[in-house]
Protein chains: 2
Amino acid sequence: LTEPLLGWDVGGANVKAARVSAADDPAPVVVERPFALWRDPGGLADVLQETARRLGPARKMAVTMTAELADCFATQREGVTHVLDAFVQAFPQSETWVYGTDGRFRSPDDARARPREVAAANWVAAATLVARHVRDALLLDVGSTTADIVPILDGCVAARGRTDLERLQSGELVYTGLLRTPACAIAGRLPLRGGSCGVAAELFAIAADAHLWLGRIDEADYTCETPDGRGRSRRECGARLARLVCADLELLSEDDVSAIARHLVLTQERQLGAAIRRVRRRLGDAAPGTAVVVGAGAALALAAAQQAGLSVLDLASQLGAAAARAVPAAAVALLLADAP
Amino acid sequence: LTEPLLGWDVGGANVKAARVSAADDPAPVVVERPFALWRDPGGLADVLQETARRLGPARKMAVTMTAELADCFATQREGVTHVLDAFVQAFPQSETWVYGTDGRFRSPDDARARPREVAAANWVAAATLVARHVRDALLLDVGSTTADIVPILDGCVAARGRTDLERLQSGELVYTGLLRTPACAIAGRLPLRGGSCGVAAELFAIAADAHLWLGRIDEADYTCETPDGRGRSRRECGARLARLVCADLELLSEDDVSAIARHLVLTQERQLGAAIRRVRRRLGDAAPGTAVVVGAGAALALAAAQQAGLSVLDLASQLGAAAARAVPAAAVALLLADAP
């Protein structure tokens with residue numbers, strides 16, 4: 001390979017891109033750009049251009065996406081078309097290849113014609129890349145919003161579901177993440193002073209508030225918007241957590257808030273652990289005993305894997321820390337670099 | 001009583017007001033005005049004025065609120081002060097009385113000094129009024145966002161909790177409602193084609209989408225904002241429900257969507273039924289066998305009451321249909337009209 005490539009993972013809340021210079025590039029350069037697509041779909045082309053400028057020029061683009069699910073699009077078809085149009089608009093001189101859930105690249109026109117085949121294919125790219133490093137493993141990719149649990153058996157991606165819908169059914173897609181998950185979707189009750197308490201079913205707090213309050217992430221990691229538009233300080237996160245039980249920081253103690261935050265994080269870990277066990281049960285004796293943990297929420301994945309009794313392999317040492325946070329973006333670039 | 005009174009129930013998503021002309025006014029005139037306070041807190045005074053104009057002039061105002069919980073306010077103290085300032089600004093010539101959880105009216109200055117005493121007191125007003133009509137009953141007031149379950153024993157309000165926090169703990173406040181409840185906070189799994197499926201933990205759909213899809217409400221009843229900013233047609237509600245399982249209306253059938261909607265509504269009914277049983281268990285032999293169902297979500301309350309084995313009294317015949325949808329607003333007005 002003589003020319004550099006950009007790999008893109010376009011989500012509804014984040015755009016991630018990686019620049020690779022060879023199919024065996026040991027440390028792809030990665031950029032993550034939070035972008036609330038559903039609020040400003042027309043702004044995507046600009047975000048793509050700006051992200052590409054930070055990475056440096058490349059004529060060839062490898063694209064995977066989950067953004068088509070964003071609720072600014074009436075259907076996935078509309079979403080896929082919109083994302084691909086943004087690439088054409090942003091990079092009219094570039095050659096763009098779209099990755100599909102079958103592991104093949106196709107032209108934007110082919111992808112527009114069969115949008116189901118390219119919708120939410122990013123996990124296939126990640127798993128295909130990981131399968132080159134580890135023959136048998138469960139890939140656990142926990143991002144800001146969702147978690148992928150992908151079995152790799154004998155060097156092949158052995159997922160049961162292909163579409164998001166099928167993967168939600170199989171438990172291979174779990175809709176919980178490090179940052180954006182609404183707290184009221186994590187737990188219906190919260191611990192309070194020895195008892196338990198119902199939860200306000202409002203977008204008062206998100207997973208990021210609990211993780212930051214507990215010191216598991218810092219303000220720079222809290223890359224999504226806050227639910228109330230206020231800041232990301234520990235105190236502001238605590239106020240959002242207190243509001244989950246219709247209270248505030250005048251009413252709750254530091255310990256009260258910590259108990260709420262801990263319960264939310266533990267519930268996420270338990271939920272992921274249960275999904276891991278479910279995926280492994282289906283695989284029977286072939287179920288891998290090793291987990292590969294990647295993504296911004298790798299710490300959540302690690303705790304869940306340990307809970308499920310798996311040994312853990314940290315891919316960051318082989319892919320580089322930045323690429324391990326954004327594996328699908330690095331993966332589509334490396335896979336395209338290697339494509340015939 | 002010689003002069004008319006306005007009663008106000010200022011919530012975070014709705015402003016409700018009632019005009020009464022006597023303490024025994026048989027049919028108060030009621031106005032409901034959806035207003036997303038958290039998005040535009042400064043606009044409250046205008047909304048109050050506009051609502052008062054629709055009801056006609058009154059010098060005396062009775063106020064209760066839940067808006068102090070809105071996340072535009074850092075604390076309940078800030079919220080209570082903001083709401084009362086808006087009344088002073090909107091009606092500088094009026095005499096305003098603020099209802100407290102102790103069942104007494106106080107001046108705005110007294111209320112500002114002790115905000116906890118007037119925060120979320122609207123259910124006390126409603127129950128106090130209902131207790132004049134029914135000596136023993138469970139008041140079930142299901143609104144757009146929350147449900148109150150208030151025991152009335154021997155003509156007195158016999159709630160265990162007074163603050164929202166205490167009432168969430170006791171089960172007397174259930175955070176589920178006819179319209180605004182995020183679907184992902186109602187159910188963590190949804191039925192799909194004989195199996196079950198995880199739910200996208202995003203604000204993709206709300207309770208209103210399920211109730212409208214099933215024909216339990218019509219577009220005019222869907223008074224809150226839609227989560228995606230699109231319309232309120234049955235098809236648009238169905239698209240939002242489909243997105244809960246990362247699908248769209250090209251991928252799901254009419255029956256698939258109906259199964260999802262039914263499950264959401266049944267889960268709300270079951271959740272309310274469980275809370276009713278819990279409140280009745282605490283009351284032991286004294287537990288009333290009759291439920292009084294009011295609020296925009298009276299149909300949900302009715303189903304839950306029947307599930308819990310209660311006979312049901314519809315207060316609409318005694319209060320008028322409009323007042324039965326907004327009991328706290330009518331109640332504070334009638335209670336102030338009757339105050340010494």
# chains A, B, ... in the order shown; residues from 1 in each chain; ligands from 1
$ interface_residues --of "chain A" --to "chain B" --cutoff "7 Å" --atoms "only C-alpha atoms" --output "list in words"
Leu69, Asp71, Cys72, Thr75, Gln76, Asp164, Leu165, Leu168, Gln169, Tyr175, Thr176, Thr181, Pro182, Cys184, Ala185, Ser196, Cys197, Gly198, Val199, Ala200, Ala201, Phe204, Asp228, Val245, Cys246, Ala247 and Asp248 of chain A
$ residues_around --residues "segment 96-108 of chain A" --least-positions-apart "6" --cutoff "8 Å" --atoms "only C-alpha atoms" --output "PyMOL selection string"
chain A and resi 60-64+84+87+117-122+124-125+128+162-163+332+336
$ write_last_selection --atoms "N, CA and C atoms" --output "CSV table (one decimal), in the first residue's frame"
chain,number,residue,atom,x,y,z
A,60,LYS,N,-8.8,7.7,-0.5
A,60,LYS,CA,-9.7,6.6,-0.3
A,60,LYS,C,-10.3,6.6,1.1
A,61,MET,N,-11.6,6.4,1.1
A,61,MET,CA,-12.4,6.4,2.4
A,61,MET,C,-13.1,5.1,2.5
A,62,ALA,N,-13.0,4.5,3.7
A,62,ALA,CA,-13.8,3.4,4.1
A,62,ALA,C,-14.8,3.8,5.1
A,63,VAL,N,-16.1,3.5,4.9
A,63,VAL,CA,-17.1,4.0,5.7
A,63,VAL,C,-18.0,2.9,6.3
A,64,THR,N,-18.2,3.0,7.6
A,64,THR,CA,-19.3,2.2,8.3
A,64,THR,C,-20.1,3.2,9.1
A,84,LEU,N,-24.4,8.9,3.2
A,84,LEU,CA,-23.5,8.7,2.0
A,84,LEU,C,-23.5,10.0,1.2
A,87,PHE,N,-20.9,12.3,2.5
A,87,PHE,CA,-19.5,11.9,2.1
A,87,PHE,C,-19.3,12.5,0.7
A,117,GLU,N,-28.1,-3.6,4.1
A,117,GLU,CA,-26.8,-4.4,4.1
A,117,GLU,C,-25.6,-3.6,4.7
A,118,VAL,N,-25.8,-2.2,4.8
A,118,VAL,CA,-24.7,-1.4,5.3
A,118,VAL,C,-25.1,-0.8,6.6
A,119,ALA,N,-26.4,-0.8,7.0
A,119,ALA,CA,-26.8,-0.2,8.3
A,119,ALA,C,-26.1,-1.0,9.4
A,120,ALA,N,-25.6,-0.2,10.4
A,120,ALA,CA,-25.0,-0.8,11.6
A,120,ALA,C,-24.1,-2.0,11.3
A,121,ALA,N,-23.1,-1.8,10.4
A,121,ALA,CA,-22.1,-2.9,10.1
A,121,ALA,C,-20.8,-2.7,10.9
A,122,ASN,N,-20.7,-1.6,11.7
A,122,ASN,CA,-19.5,-1.3,12.3
A,122,ASN,C,-18.9,-2.4,13.2
A,124,VAL,N,-19.2,-5.6,12.7
A,124,VAL,CA,-18.6,-6.6,11.8
A,124,VAL,C,-17.2,-6.3,11.5
A,125,ALA,N,-16.9,-5.0,11.2
A,125,ALA,CA,-15.6,-4.6,10.9
A,125,ALA,C,-14.7,-4.8,12.1
A,128,THR,N,-14.0,-8.5,12.7
A,128,THR,CA,-13.2,-9.1,11.6
A,128,THR,C,-11.7,-8.7,11.9
A,162,ARG,N,-27.5,-10.3,12.5
A,162,ARG,CA,-26.7,-9.4,11.6
A,162,ARG,C,-27.2,-8.0,11.7
A,163,THR,N,-28.5,-7.8,11.7
A,163,THR,CA,-29.1,-6.4,11.9
A,163,THR,C,-29.1,-6.1,13.3
A,332,VAL,N,-12.3,-0.6,9.6
A,332,VAL,CA,-12.7,-0.4,8.2
A,332,VAL,C,-11.5,0.1,7.3
A,336,LEU,N,-10.0,-2.1,4.4
A,336,LEU,CA,-10.0,-1.6,3.0
A,336,LEU,C,-8.6,-1.6,2.4
$ closest_residue --among "A:Arg59, A:His211, A:Arg270, A:Arg262" --to "Ser144 of chain A" --atoms "only C-alpha atoms"
A:His211
$ select_by_dssp --residues "segment 16-205 of chain B" --states "helix (DSSP H, G or I)" --output "short mmCIF file (atom, residue, chain, number, x, y, z; two decimals) with C-alpha atoms, in the first residue's frame"
data_model
loop_
_atom_site.label_atom_id
_atom_site.label_comp_id
_atom_site.auth_asym_id
_atom_site.auth_seq_id
_atom_site.Cartn_x
_atom_site.Cartn_y
_atom_site.Cartn_z
CA LEU B 37 -40.79 25.14 31.27
CA TRP B 38 -37.27 23.66 31.34
CA ARG B 39 -36.70 24.96 27.83
CA PRO B 41 -38.12 29.29 32.19
CA GLY B 42 -38.25 33.03 31.47
CA GLY B 43 -41.44 32.56 29.45
CA LEU B 44 -43.53 31.43 32.41
CA ALA B 45 -44.95 34.86 33.31
CA ASP B 46 -46.28 35.29 29.76
CA VAL B 47 -47.87 31.84 29.83
CA LEU B 48 -49.56 32.65 33.15
CA GLN B 49 -50.94 35.92 31.78
CA GLU B 50 -52.16 34.31 28.58
CA THR B 51 -53.85 31.50 30.53
CA ALA B 52 -55.51 33.97 32.91
CA ARG B 53 -56.85 35.98 29.96
CA ARG B 54 -58.58 32.85 28.66
CA LEU B 55 -60.29 32.33 32.03
CA ALA B 67 -42.43 22.85 38.36
CA GLU B 68 -39.68 23.40 40.93
CA LEU B 69 -38.33 19.95 39.98
CA GLN B 76 -36.01 23.16 44.50
CA ARG B 77 -35.45 26.44 46.34
CA GLU B 78 -34.47 28.12 43.06
CA GLY B 79 -37.49 26.56 41.34
CA VAL B 80 -40.05 27.67 43.92
CA THR B 81 -38.65 31.21 43.88
CA HIS B 82 -38.72 31.34 40.10
CA VAL B 83 -42.36 30.24 39.88
CA LEU B 84 -43.52 32.69 42.54
CA ASP B 85 -41.55 35.54 40.94
CA ALA B 86 -43.36 34.78 37.69
CA PHE B 87 -46.74 35.18 39.45
CA VAL B 88 -45.72 38.54 40.94
CA GLN B 89 -44.48 39.65 37.52
CA ALA B 90 -47.58 38.42 35.68
CA PRO B 108 -45.34 34.14 48.49
CA ASP B 109 -42.71 35.53 50.88
CA ASP B 110 -43.40 32.79 53.42
CA ALA B 111 -43.33 30.20 50.65
CA ARG B 112 -39.99 31.46 49.33
CA ALA B 113 -38.55 31.23 52.84
CA PRO B 115 -39.67 26.16 49.72
CA ARG B 116 -39.83 22.51 50.87
CA GLU B 117 -43.27 23.18 52.35
CA ASN B 122 -50.67 19.72 44.34
CA TRP B 123 -51.66 16.16 45.31
CA VAL B 124 -52.57 17.34 48.84
CA ALA B 125 -54.97 19.88 47.37
CA ALA B 126 -56.55 17.27 45.12
CA ALA B 127 -56.91 14.73 47.92
CA THR B 128 -58.29 17.31 50.35
CA LEU B 129 -60.98 18.24 47.85
CA VAL B 130 -61.83 14.64 47.05
CA ALA B 131 -62.06 13.86 50.78
CA ARG B 132 -65.02 16.25 50.93
CA HIS B 133 -66.90 14.01 48.51
CA ASP B 164 -41.88 13.81 46.33
CA LEU B 165 -38.85 11.92 47.65
CA GLU B 166 -40.85 10.36 50.50
CA ARG B 167 -43.71 9.58 48.16
CA LEU B 168 -41.43 7.88 45.62
CA GLN B 169 -40.20 5.74 48.53
CA SER B 170 -43.72 4.92 49.75
CA ALA B 183 -40.76 4.08 26.60
CA CYS B 184 -37.25 2.92 27.56
CA ALA B 185 -38.10 3.74 31.20
CA ILE B 186 -41.30 1.65 31.02
#
$ residues_around --residues "Glu32 of chain A" --least-positions-apart "2" --cutoff "10 Å" --atoms "only C-alpha atoms" --output "ChimeraX atom specification"
/A:9,14-18,30,34-35,51,223,322,325-326,329
$ select_by_dssp --residues "segment 142-275 of chain B" --states "strand (DSSP E)" --output "VMD selection string"
chain B and resid 142 147 to 153 156 to 157 173 to 174 189 to 192 195 to 198
$ write_last_selection --atoms "N, CA, C and O atoms" --output "PDB file, in the first residue's frame"
ATOM      1  N   VAL B 142     -53.792  10.183  37.583  1.00  0.00           N
ATOM      2  CA  VAL B 142     -52.766   9.862  36.585  1.00  0.00           C
ATOM      3  C   VAL B 142     -52.725  10.978  35.548  1.00  0.00           C
ATOM      4  O   VAL B 142     -53.707  11.209  34.835  1.00  0.00           O
ATOM      5  N   ALA B 147     -48.166   9.699  38.414  1.00  0.00           N
ATOM      6  CA  ALA B 147     -49.410   9.215  39.006  1.00  0.00           C
ATOM      7  C   ALA B 147     -49.324   9.369  40.525  1.00  0.00           C
ATOM      8  O   ALA B 147     -48.304   9.023  41.130  1.00  0.00           O
ATOM      9  N   ASP B 148     -50.379   9.902  41.116  1.00  0.00           N
ATOM     10  CA  ASP B 148     -50.486  10.006  42.568  1.00  0.00           C
ATOM     11  C   ASP B 148     -51.457   8.961  43.070  1.00  0.00           C
ATOM     12  O   ASP B 148     -52.552   8.798  42.519  1.00  0.00           O
ATOM     13  N   ILE B 149     -51.056   8.260  44.117  1.00  0.00           N
ATOM     14  CA  ILE B 149     -51.924   7.293  44.774  1.00  0.00           C
ATOM     15  C   ILE B 149     -52.059   7.762  46.222  1.00  0.00           C
ATOM     16  O   ILE B 149     -51.119   7.623  47.009  1.00  0.00           O
ATOM     17  N   VAL B 150     -53.201   8.359  46.545  1.00  0.00           N
ATOM     18  CA  VAL B 150     -53.327   9.006  47.849  1.00  0.00           C
ATOM     19  C   VAL B 150     -54.461   8.390  48.641  1.00  0.00           C
ATOM     20  O   VAL B 150     -55.631   8.494  48.250  1.00  0.00           O
ATOM     21  N   PRO B 151     -54.172   7.764  49.789  1.00  0.00           N
ATOM     22  CA  PRO B 151     -55.240   7.201  50.610  1.00  0.00           C
ATOM     23  C   PRO B 151     -56.026   8.301  51.333  1.00  0.00           C
ATOM     24  O   PRO B 151     -55.432   9.223  51.880  1.00  0.00           O
ATOM     25  N   ILE B 152     -57.322   8.166  51.288  1.00  0.00           N
ATOM     26  CA  ILE B 152     -58.213   9.047  52.054  1.00  0.00           C
ATOM     27  C   ILE B 152     -58.958   8.146  53.028  1.00  0.00           C
ATOM     28  O   ILE B 152     -59.664   7.229  52.614  1.00  0.00           O
ATOM     29  N   LEU B 153     -58.745   8.395  54.313  1.00  0.00           N
ATOM     30  CA  LEU B 153     -59.358   7.549  55.344  1.00  0.00           C
ATOM     31  C   LEU B 153     -60.205   8.416  56.250  1.00  0.00           C
ATOM     32  O   LEU B 153     -59.719   9.420  56.794  1.00  0.00           O
ATOM     33  N   CYS B 156     -60.038  12.097  55.771  1.00  0.00           N
ATOM     34  CA  CYS B 156     -58.743  12.787  55.903  1.00  0.00           C
ATOM     35  C   CYS B 156     -57.716  12.208  54.934  1.00  0.00           C
ATOM     36  O   CYS B 156     -57.749  11.017  54.629  1.00  0.00           O
ATOM     37  N   VAL B 157     -56.781  13.057  54.501  1.00  0.00           N
ATOM     38  CA  VAL B 157     -55.683  12.608  53.651  1.00  0.00           C
ATOM     39  C   VAL B 157     -54.714  11.809  54.522  1.00  0.00           C
ATOM     40  O   VAL B 157     -54.194  12.329  55.516  1.00  0.00           O
ATOM     41  N   LEU B 173     -46.172   8.082  44.933  1.00  0.00           N
ATOM     42  CA  LEU B 173     -45.873   8.783  43.681  1.00  0.00           C
ATOM     43  C   LEU B 173     -45.235   7.770  42.739  1.00  0.00           C
ATOM     44  O   LEU B 173     -44.222   7.166  43.072  1.00  0.00           O
ATOM     45  N   VAL B 174     -45.871   7.563  41.594  1.00  0.00           N
ATOM     46  CA  VAL B 174     -45.331   6.643  40.596  1.00  0.00           C
ATOM     47  C   VAL B 174     -45.023   7.462  39.355  1.00  0.00           C
ATOM     48  O   VAL B 174     -45.877   8.175  38.838  1.00  0.00           O
ATOM     49  N   ARG B 189     -37.372  -4.737  28.039  1.00  0.00           N
ATOM     50  CA  ARG B 189     -37.496  -5.676  26.914  1.00  0.00           C
ATOM     51  C   ARG B 189     -38.880  -5.508  26.290  1.00  0.00           C
ATOM     52  O   ARG B 189     -39.824  -5.080  26.949  1.00  0.00           O
ATOM     53  N   LEU B 190     -39.014  -5.848  25.037  1.00  0.00           N
ATOM     54  CA  LEU B 190     -40.290  -5.735  24.337  1.00  0.00           C
ATOM     55  C   LEU B 190     -40.566  -7.038  23.598  1.00  0.00           C
ATOM     56  O   LEU B 190     -39.630  -7.731  23.175  1.00  0.00           O
ATOM     57  N   PRO B 191     -41.850  -7.381  23.454  1.00  0.00           N
ATOM     58  CA  PRO B 191     -42.171  -8.603  22.713  1.00  0.00           C
ATOM     59  C   PRO B 191     -41.919  -8.387  21.218  1.00  0.00           C
ATOM     60  O   PRO B 191     -42.135  -7.296  20.701  1.00  0.00           O
ATOM     61  N   LEU B 192     -41.430  -9.433  20.571  1.00  0.00           N
ATOM     62  CA  LEU B 192     -41.249  -9.343  19.121  1.00  0.00           C
ATOM     63  C   LEU B 192     -41.392 -10.726  18.509  1.00  0.00           C
ATOM     64  O   LEU B 192     -40.570 -11.603  18.768  1.00  0.00           O
ATOM     65  N   GLY B 195     -40.893 -13.873  20.461  1.00  0.00           N
ATOM     66  CA  GLY B 195     -39.785 -13.811  21.409  1.00  0.00           C
ATOM     67  C   GLY B 195     -39.771 -12.472  22.113  1.00  0.00           C
ATOM     68  O   GLY B 195     -40.772 -11.769  22.155  1.00  0.00           O
ATOM     69  N   SER B 196     -38.608 -12.130  22.665  1.00  0.00           N
ATOM     70  CA  SER B 196     -38.499 -10.802  23.243  1.00  0.00           C
ATOM     71  C   SER B 196     -37.195 -10.184  22.783  1.00  0.00           C
ATOM     72  O   SER B 196     -36.313 -10.854  22.245  1.00  0.00           O
ATOM     73  N   CYS B 197     -37.069  -8.901  23.020  1.00  0.00           N
ATOM     74  CA  CYS B 197     -36.042  -8.102  22.368  1.00  0.00           C
ATOM     75  C   CYS B 197     -35.631  -6.996  23.321  1.00  0.00           C
ATOM     76  O   CYS B 197     -36.475  -6.419  24.008  1.00  0.00           O
ATOM     77  N   GLY B 198     -34.324  -6.686  23.389  1.00  0.00           N
ATOM     78  CA  GLY B 198     -33.879  -5.540  24.171  1.00  0.00           C
ATOM     79  C   GLY B 198     -34.431  -4.238  23.595  1.00  0.00           C
ATOM     80  O   GLY B 198     -34.909  -4.208  22.462  1.00  0.00           O
TER      81      GLY B 198
END
$ atom_distance --atom1 "atom CA of Val312 of chain A" --atom2 "atom CA of Val292 of chain A"
6.0 Å
$ atom_distance --atom1 "atom CA of Ala304 of chain A" --atom2 "atom CA of Leu283 of chain A"
18.1 Å
$ atom_distance --atom1 "atom CA of Arg280 of chain B" --atom2 "atom CA of Ala210 of chain B"
28.8 Å
$ residues_around --residues "Leu214 of chain B" --least-positions-apart "6" --cutoff "9 Å" --atoms "only C-alpha atoms" --output "list of chain:residue names"
B:Arg234, B:Ser258, B:Ala261, B:Arg262
$ write_last_selection --atoms "N, CA, C and O atoms" --output "PDB file, in the first residue's frame"
ATOM      1  N   ARG B 234     -50.822   8.495  13.445  1.00  0.00           N
ATOM      2  CA  ARG B 234     -50.615   7.124  13.905  1.00  0.00           C
ATOM      3  C   ARG B 234     -49.348   6.537  13.287  1.00  0.00           C
ATOM      4  O   ARG B 234     -48.580   5.855  13.954  1.00  0.00           O
ATOM      5  N   SER B 258     -48.149  -3.138  17.130  1.00  0.00           N
ATOM      6  CA  SER B 258     -49.238  -3.238  18.119  1.00  0.00           C
ATOM      7  C   SER B 258     -48.800  -4.029  19.343  1.00  0.00           C
ATOM      8  O   SER B 258     -49.155  -3.693  20.475  1.00  0.00           O
ATOM      9  N   ALA B 261     -46.732  -1.701  21.447  1.00  0.00           N
ATOM     10  CA  ALA B 261     -47.558  -0.679  22.107  1.00  0.00           C
ATOM     11  C   ALA B 261     -48.368  -1.289  23.250  1.00  0.00           C
ATOM     12  O   ALA B 261     -48.447  -0.729  24.347  1.00  0.00           O
ATOM     13  N   ARG B 262     -48.961  -2.450  22.989  1.00  0.00           N
ATOM     14  CA  ARG B 262     -49.755  -3.099  24.040  1.00  0.00           C
ATOM     15  C   ARG B 262     -48.902  -3.446  25.257  1.00  0.00           C
ATOM     16  O   ARG B 262     -49.316  -3.265  26.395  1.00  0.00           O
TER      17      ARG B 262
END
